[in-house]
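*Asks:* structure-v3.txt is reproduced below (compact mmCIF, C-alpha atoms).
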```txt
# COMPACT_ATOMS: atom_id res chain seq x y z
CA MET A 664 174.93 197.33 119.01
CA LEU A 665 173.38 197.59 115.58
CA ILE A 666 172.32 201.24 115.13
CA ARG A 667 171.40 202.55 111.70
CA VAL A 668 169.50 205.23 109.81
CA THR A 669 168.99 203.98 106.27
CA PRO A 670 166.86 204.41 103.16
CA ASP A 671 166.85 200.61 102.74
CA VAL A 672 163.96 198.27 103.59
CA LEU A 673 164.12 197.13 107.22
CA GLU A 674 164.14 193.36 107.73
CA PRO A 675 163.85 191.82 111.20
CA GLY A 676 166.22 188.92 110.47
CA PRO A 677 169.55 190.78 110.64
CA ALA A 678 168.41 192.75 113.71
CA ILE A 679 167.50 189.52 115.53
CA ALA A 680 170.83 188.00 114.55
CA ALA A 681 172.61 191.10 115.87
CA VAL A 682 171.14 190.72 119.38
CA GLU A 683 171.27 186.91 119.76
CA SER A 684 173.24 185.73 122.76
CA PRO A 685 173.64 182.35 124.46
CA SER A 686 172.73 183.86 127.83
CA ALA A 687 169.59 185.62 126.58
CA GLY A 688 166.30 183.91 127.31
CA ALA A 689 164.21 186.48 125.47
CA ILE A 690 164.38 188.53 122.29
CA ASP A 691 161.73 191.21 121.92
CA ILE A 692 161.05 192.88 118.56
CA PHE A 693 159.14 196.06 117.81
CA LEU A 694 158.15 197.12 114.31
CA GLY A 695 156.74 200.59 113.76
CA VAL A 696 154.74 200.34 110.53
CA VAL A 697 153.06 202.92 108.31
CA ARG A 698 149.32 203.20 109.02
CA ASP A 699 146.75 204.25 106.42
CA ASN A 700 145.08 206.85 108.67
CA ASN A 701 145.89 209.45 111.30
CA LEU A 702 143.56 211.75 113.24
CA GLY A 703 140.68 210.83 110.96
CA ARG A 704 142.46 211.46 107.64
CA ARG A 705 143.39 208.87 105.06
CA VAL A 706 147.16 208.69 104.67
CA GLN A 707 148.54 207.79 101.22
CA TYR A 708 152.19 207.43 102.26
CA LEU A 709 154.84 208.94 104.54
CA VAL A 710 158.13 210.65 103.79
CA TYR A 711 160.82 210.49 106.49
CA ASP A 712 163.61 213.04 106.78
CA ALA A 713 166.50 212.63 109.22
CA TYR A 714 169.77 214.09 110.41
CA PRO A 715 171.45 210.71 110.02
CA ALA A 716 174.75 211.32 111.80
CA MET A 717 173.13 212.84 114.86
CA ALA A 718 170.19 210.43 114.81
CA GLU A 719 172.59 207.50 115.00
CA LYS A 720 174.45 209.15 117.89
CA VAL A 721 171.23 209.76 119.82
CA MET A 722 169.97 206.24 119.07
CA SER A 723 173.28 204.82 120.36
CA ALA A 724 172.99 206.86 123.55
CA ILE A 725 169.39 205.71 124.10
CA ALA A 726 170.36 202.09 123.42
CA GLY A 727 173.20 202.35 125.95
CA GLU A 728 170.83 203.81 128.54
CA ALA A 729 168.31 201.03 127.90
CA LYS A 730 170.97 198.36 128.40
CA GLU A 731 171.85 199.80 131.79
CA ARG A 732 168.33 200.50 132.99
CA PHE A 733 166.82 197.16 132.01
CA GLY A 734 169.85 194.90 132.05
CA LEU A 735 169.55 194.15 128.34
CA GLU A 736 172.25 192.07 126.69
CA ALA A 737 172.11 193.71 123.29
CA VAL A 738 170.06 196.27 121.40
CA ALA A 739 169.45 196.97 117.70
CA VAL A 740 167.70 200.13 116.52
CA LEU A 741 167.11 200.92 112.85
CA HIS A 742 165.12 203.80 111.37
CA ARG A 743 164.24 204.09 107.72
CA THR A 744 164.17 207.32 105.68
CA GLY A 745 162.61 208.39 102.40
CA ARG A 746 159.18 207.48 101.04
CA LEU A 747 157.40 204.64 102.87
CA GLU A 748 154.20 203.01 101.69
CA ILE A 749 151.37 201.76 103.91
CA GLY A 750 152.46 198.67 105.83
CA GLU A 751 156.19 199.25 105.46
CA THR A 752 158.44 199.27 108.53
CA SER A 753 159.78 202.69 109.59
CA LEU A 754 161.30 201.71 112.95
CA LEU A 755 162.78 198.36 113.96
CA ILE A 756 163.95 197.59 117.48
CA ALA A 757 165.29 194.29 118.76
CA VAL A 758 166.48 193.66 122.29
CA SER A 759 167.83 190.56 123.99
CA CYS A 760 167.71 189.92 127.70
CA GLY A 761 168.03 187.20 130.28
CA HIS A 762 164.30 187.21 130.98
CA ARG A 763 161.15 188.30 129.17
CA LYS A 764 159.82 190.98 131.54
CA ALA A 765 162.78 193.33 131.16
CA SER A 766 162.87 192.69 127.40
CA PHE A 767 159.27 193.95 127.02
CA GLU A 768 159.87 196.92 129.31
CA GLY A 769 163.18 197.85 127.72
CA CYS A 770 161.75 197.67 124.21
CA HIS A 771 158.76 199.82 125.22
CA TRP A 772 161.03 202.41 126.85
CA LEU A 773 163.25 202.51 123.75
CA VAL A 774 160.30 203.32 121.46
CA ASP A 775 159.15 206.12 123.75
CA GLU A 776 162.62 207.69 124.02
CA ILE A 777 163.23 207.44 120.27
CA LYS A 778 160.00 209.35 119.63
CA LYS A 779 161.11 212.07 122.05
CA ARG A 780 164.65 212.81 121.00
CA VAL A 781 165.93 211.25 117.77
CA PRO A 782 166.17 213.86 114.98
CA VAL A 783 163.85 212.17 112.48
CA TRP A 784 160.70 213.69 110.98
CA LYS A 785 157.72 212.30 109.09
CA LYS A 786 155.56 214.01 106.53
CA GLU A 787 152.04 212.69 106.04
CA VAL A 788 150.76 212.82 102.49
CA TRP A 789 146.95 212.76 102.27
CA ASP A 790 144.53 212.71 99.34
CA ASP A 791 144.20 216.50 99.57
CA GLY A 792 147.43 217.80 101.05
CA GLU A 793 150.48 217.08 103.19
CA GLU A 794 152.06 218.14 106.46
CA TRP A 795 155.24 217.61 108.47
CA VAL A 796 154.16 216.01 111.73
CA GLU A 797 155.27 217.51 115.04
CA GLY A 798 155.39 214.51 117.36
CA PRO A 799 153.32 215.11 120.50
CA GLU A 800 156.06 213.46 122.56
CA SER A 801 158.86 215.48 120.96
CA LEU A 802 161.42 217.16 123.14
CA GLY A 803 160.83 220.41 121.27
CA LEU A 804 157.14 220.55 122.15
CA GLN A 805 156.83 219.38 125.73
CA GLN A 806 159.86 217.84 127.28
CA ALA A 807 162.52 220.46 126.80
CA PRO A 808 163.64 222.34 129.85
CA ALA A 809 162.92 226.04 129.35
CA SER A 810 166.66 226.66 129.06
CA MET A 811 166.86 224.56 125.89
CA ARG A 812 164.20 226.60 124.11
CA SER A 813 164.74 229.91 122.42
CA MET B 437 185.52 231.73 109.20
CA THR B 438 182.04 230.36 108.78
CA VAL B 439 179.35 228.34 110.50
CA THR B 440 177.37 225.72 108.56
CA ILE B 441 173.64 225.63 109.24
CA LEU B 442 171.56 222.52 108.54
CA LEU B 443 167.79 222.61 108.01
CA PHE B 444 165.43 219.65 107.94
CA ALA B 445 161.83 218.73 107.24
CA SER B 446 159.46 221.70 107.53
CA LEU B 447 162.30 224.23 107.83
CA ALA B 448 164.08 222.93 104.75
CA GLU B 449 160.86 223.17 102.74
CA ALA B 450 160.14 226.70 104.00
CA ALA B 451 163.67 227.87 103.21
CA GLY B 452 164.09 225.97 99.94
CA PHE B 453 167.51 224.62 100.97
CA ARG B 454 168.98 222.20 103.51
CA ARG B 455 172.38 223.73 104.11
CA ILE B 456 173.92 227.18 104.15
CA GLU B 457 177.13 228.77 105.37
CA LEU B 458 177.11 232.10 107.18
CA PRO B 459 180.10 234.18 108.25
CA LEU B 460 180.98 233.73 111.90
CA GLU B 461 180.95 236.81 114.13
CA ALA B 462 182.78 237.53 117.38
CA ASP B 463 181.38 235.70 120.44
CA ASP B 464 178.79 233.98 118.28
CA THR B 465 176.09 231.85 119.89
CA VAL B 466 173.41 229.50 118.60
CA GLY B 467 170.75 232.15 119.12
CA ALA B 468 172.74 234.88 117.40
CA VAL B 469 173.42 232.75 114.32
CA ARG B 470 169.76 231.69 114.21
CA ASP B 471 168.66 235.33 114.36
CA ARG B 472 170.96 236.32 111.48
CA LEU B 473 169.59 233.45 109.41
CA ILE B 474 166.02 234.56 110.12
CA GLY B 475 167.01 238.12 109.17
CA ARG B 476 167.81 236.77 105.71
CA TYR B 477 164.96 234.23 105.55
CA PRO B 478 161.97 235.61 107.49
CA ALA B 479 159.86 232.57 106.47
CA LEU B 480 161.77 230.66 109.17
CA ALA B 481 160.69 232.94 112.02
CA ARG B 482 157.45 231.07 112.72
CA PHE B 483 159.37 227.91 113.63
CA VAL B 484 161.40 229.49 116.44
CA PRO B 485 159.03 228.85 119.39
CA THR B 486 159.39 225.06 119.14
CA LEU B 487 162.94 224.80 117.77
CA LEU B 488 165.72 222.81 119.35
CA TYR B 489 169.36 223.16 118.36
CA ALA B 490 172.39 220.96 117.92
CA VAL B 491 176.01 222.03 117.57
CA ASP B 492 178.25 219.40 115.99
CA GLU B 493 175.57 216.73 116.49
CA GLU B 494 174.95 217.40 120.21
CA TYR B 495 171.84 219.13 121.53
CA ALA B 496 172.69 222.71 122.46
CA ARG B 497 171.03 225.78 123.92
CA PRO B 498 170.50 229.24 122.45
CA ASP B 499 173.38 230.57 124.55
CA THR B 500 175.79 227.79 123.49
CA ALA B 501 178.92 229.23 121.86
CA VAL B 502 179.49 228.54 118.16
CA ALA B 503 183.08 228.21 116.99
CA ALA B 504 184.57 228.59 113.52
CA GLY B 505 183.79 225.59 111.37
CA ALA B 506 180.96 224.40 113.61
CA THR B 507 177.77 222.86 112.27
CA LEU B 508 174.54 224.20 113.71
CA ALA B 509 171.38 222.17 113.13
CA LEU B 510 167.94 223.72 113.56
CA ILE B 511 165.70 220.93 114.82
CA PRO B 512 161.90 221.19 114.64
CA PRO B 513 159.81 218.91 116.89
CA VAL B 514 160.82 215.37 116.00
CA SER B 515 158.32 212.78 114.78
CA GLY B 516 160.25 209.58 114.15
CA GLY B 517 158.99 206.10 114.88
```
For the file at hand, write its structure as structure tokens.

*Replies:*
Amino acid sequence: MLIRVTPDVLEPGPAIAAVESPSAGAIDIFLGVVRDNNLGRRVQYLVYDAYPAMAEKVMSAIAGEAKERFGLEAVAVLHRTGRLEIGETSLLIAVSCGHRKASFEGCHWLVDEIKKRVPVWKKEVWDDGEEWVEGPESLGLQQAPASMRS
Amino acid sequence: MTVTILLFASLAEAAGFRRIELPLEADDTVGAVRDRLIGRYPALARFVPTLLYAVDEEYARPDTAVAAGATLALIPPVSGG
């Protein structure tokens, strides 16, 4: 599995190469890219912070779960950190699988789980201010069992 | 004997630092260490209701024990992707 948190530009080529397999009939790719607007405000750029060591551990665990649940052959998950301009890739997922249906479903599930539990944060920088985003799907806001909160 | 505390994103900006060591106390827990940190840096108090915690890179609970040399991360709601 290719799992990485990195300040470097994310390119799909190496991720595709990392999941290629002779027995895979499908490779599904997801690119999360920086959008120029959110909730009606114009976004200039994003800054991503991360806890890299733990983020890679959590991404590995999620990738392992996805392989089991969806019968995936291989998974690559890369998340970028630092300043990202509009149109740049922040999250790159590639999965390979025997058949297409599970590759789509597994990739979709991976994105959702990453947004819930991987310790990565984005700051939106607008024309007139900035704010660290609290992801609506984040474990800390909605999904945590009461026992995990303070 | 100390515990290392890591701050990220909004917490790091509010505190003005990303890492600090505090002395460990007897029978220390995640919640107890957090409360001592907030005693020193009250600007962090407003983040507590939505915080999650990790000890040595594993999600933990407020009552999780903290041993000497451990690393405690205070984790605000994540927003990767």

*Asks:* Select residues of chain A: the criterion is any atom within 8 Å of an atom of chain B, counting only C-alpha atoms; output as a PDB file with C-alpha atoms, in the frame of the given file.

*Replies:*
```
ATOM      1  CA  GLY A 695     156.740 200.590 113.760  1.00  0.00           C
ATOM      2  CA  TYR A 711     160.820 210.490 106.490  1.00  0.00           C
ATOM      3  CA  ASP A 712     163.610 213.040 106.780  1.00  0.00           C
ATOM      4  CA  ALA A 713     166.500 212.630 109.220  1.00  0.00           C
ATOM      5  CA  TYR A 714     169.770 214.090 110.410  1.00  0.00           C
ATOM      6  CA  ALA A 716     174.750 211.320 111.800  1.00  0.00           C
ATOM      7  CA  MET A 717     173.130 212.840 114.860  1.00  0.00           C
ATOM      8  CA  LYS A 720     174.450 209.150 117.890  1.00  0.00           C
ATOM      9  CA  HIS A 742     165.120 203.800 111.370  1.00  0.00           C
ATOM     10  CA  SER A 753     159.780 202.690 109.590  1.00  0.00           C
ATOM     11  CA  LEU A 754     161.300 201.710 112.950  1.00  0.00           C
ATOM     12  CA  VAL A 774     160.300 203.320 121.460  1.00  0.00           C
ATOM     13  CA  ILE A 777     163.230 207.440 120.270  1.00  0.00           C
ATOM     14  CA  LYS A 778     160.000 209.350 119.630  1.00  0.00           C
ATOM     15  CA  LYS A 779     161.110 212.070 122.050  1.00  0.00           C
ATOM     16  CA  ARG A 780     164.650 212.810 121.000  1.00  0.00           C
ATOM     17  CA  VAL A 781     165.930 211.250 117.770  1.00  0.00           C
ATOM     18  CA  PRO A 782     166.170 213.860 114.980  1.00  0.00           C
ATOM     19  CA  VAL A 783     163.850 212.170 112.480  1.00  0.00           C
ATOM     20  CA  TRP A 784     160.700 213.690 110.980  1.00  0.00           C
ATOM     21  CA  LYS A 785     157.720 212.300 109.090  1.00  0.00           C
ATOM     22  CA  LYS A 786     155.560 214.010 106.530  1.00  0.00           C
ATOM     23  CA  TRP A 795     155.240 217.610 108.470  1.00  0.00           C
ATOM     24  CA  VAL A 796     154.160 216.010 111.730  1.00  0.00           C
ATOM     25  CA  GLU A 797     155.270 217.510 115.040  1.00  0.00           C
ATOM     26  CA  GLY A 798     155.390 214.510 117.360  1.00  0.00           C
ATOM     27  CA  PRO A 799     153.320 215.110 120.500  1.00  0.00           C
ATOM     28  CA  SER A 801     158.860 215.480 120.960  1.00  0.00           C
ATOM     29  CA  LEU A 802     161.420 217.160 123.140  1.00  0.00           C
ATOM     30  CA  GLY A 803     160.830 220.410 121.270  1.00  0.00           C
ATOM     31  CA  LEU A 804     157.140 220.550 122.150  1.00  0.00           C
ATOM     32  CA  SER A 810     166.660 226.660 129.060  1.00  0.00           C
ATOM     33  CA  MET A 811     166.860 224.560 125.890  1.00  0.00           C
ATOM     34  CA  ARG A 812     164.200 226.600 124.110  1.00  0.00           C
ATOM     35  CA  SER A 813     164.740 229.910 122.420  1.00  0.00           C
TER      36      SER A 813
END
```

*Asks:* Tell me which protein, DNA and RNA residues are within 6 Å of Leu460 of chain B, counting only C-alpha atoms, leaving out same-chain ones fewer than 5 positions away, and put them as JSON, numbers by chain.

*Replies:* {"B": [437, 438, 439]}

*Asks:* For atom CA of Leu673 of chain A and atom CA of Gly761 of chain A, quote the distance in Å rounded to one decimal.

*Replies:*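 Going from atom CA of Leu673 of chain A over to atom CA of Gly761 of chain A covers 25.4 Å.
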
*Asks:* Write out as a count of residues only the residues lying within 8 Å of Ala765 of chain A, counting all atoms listed in the file and excluding same-chain residues fewer than 3 positions away.

*Replies:* 7

*Asks:* Which value, in Å to one decimal, gives the distance between atom CA of Leu694 of chain A and atom CA of Tyr708 of chain A?

*Replies:* 16.9 Å

*Asks:* So, with all atoms listed in the file as the atoms that count, which of B:Ala448, B:Asp464, B:Val491, B:Arg482 lies closest to Thr507 of chain B?

*Replies:* B:Val491

*Asks:* Take the point (145.2, 211.2, 109.4) in the file's coordinates, draw a sphere of radius 12 Å around it, and report as a PyMOL selection string every protein, DNA or RNA residue with an atom inside or on it, counting only C-alpha atoms.

*Replies:* chain A and resi 697-709+786-796

*Asks:* Using all atoms listed in the file, determine which residues lie at most 9 Å from Glu776 of chain A, disregarding the query and same-chain residues fewer than 5 positions distant; provide the list as a compact mmCIF listing (two decimals) with C-alpha atoms, keeping the file's coordinate frame.

*Replies:*
```txt
# COMPACT_ATOMS: atom_id res chain seq x y z
CA MET A 722 169.97 206.24 119.07
CA ILE A 725 169.39 205.71 124.10
CA HIS A 771 158.76 199.82 125.22
CA VAL A 781 165.93 211.25 117.77
CA GLU A 800 156.06 213.46 122.56
```

*Asks:* Let me make sure I understand: among A:Ala739, A:Gly745, A:Ala726, A:Thr669, which one has the smallest atom-to-atom distance to Phe693 of chain A if we use all atoms listed in the file?

*Replies:*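 Of A:Ala739, A:Gly745, A:Ala726, A:Thr669, the one nearest Phe693 of chain A, counting all atoms listed in the file, is A:Ala739.
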
*Asks:* Give me, please, the distance in Å between atom CA of Arg746 of chain A and atom CA of Leu473 of chain B, quoted to one decimal.

*Replies:*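 Separation of atom CA of Arg746 of chain A and atom CA of Leu473 of chain B: 29.2 Å.
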
*Asks:* Find the residue from B:Asp471, B:Pro459, B:Thr465, B:Ile441 that sits nearest to Val502 of chain B; use all atoms listed in the file when measuring.

*Replies:*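 The shortest atom-to-atom distance to Val502 of chain B comes from B:Thr465.
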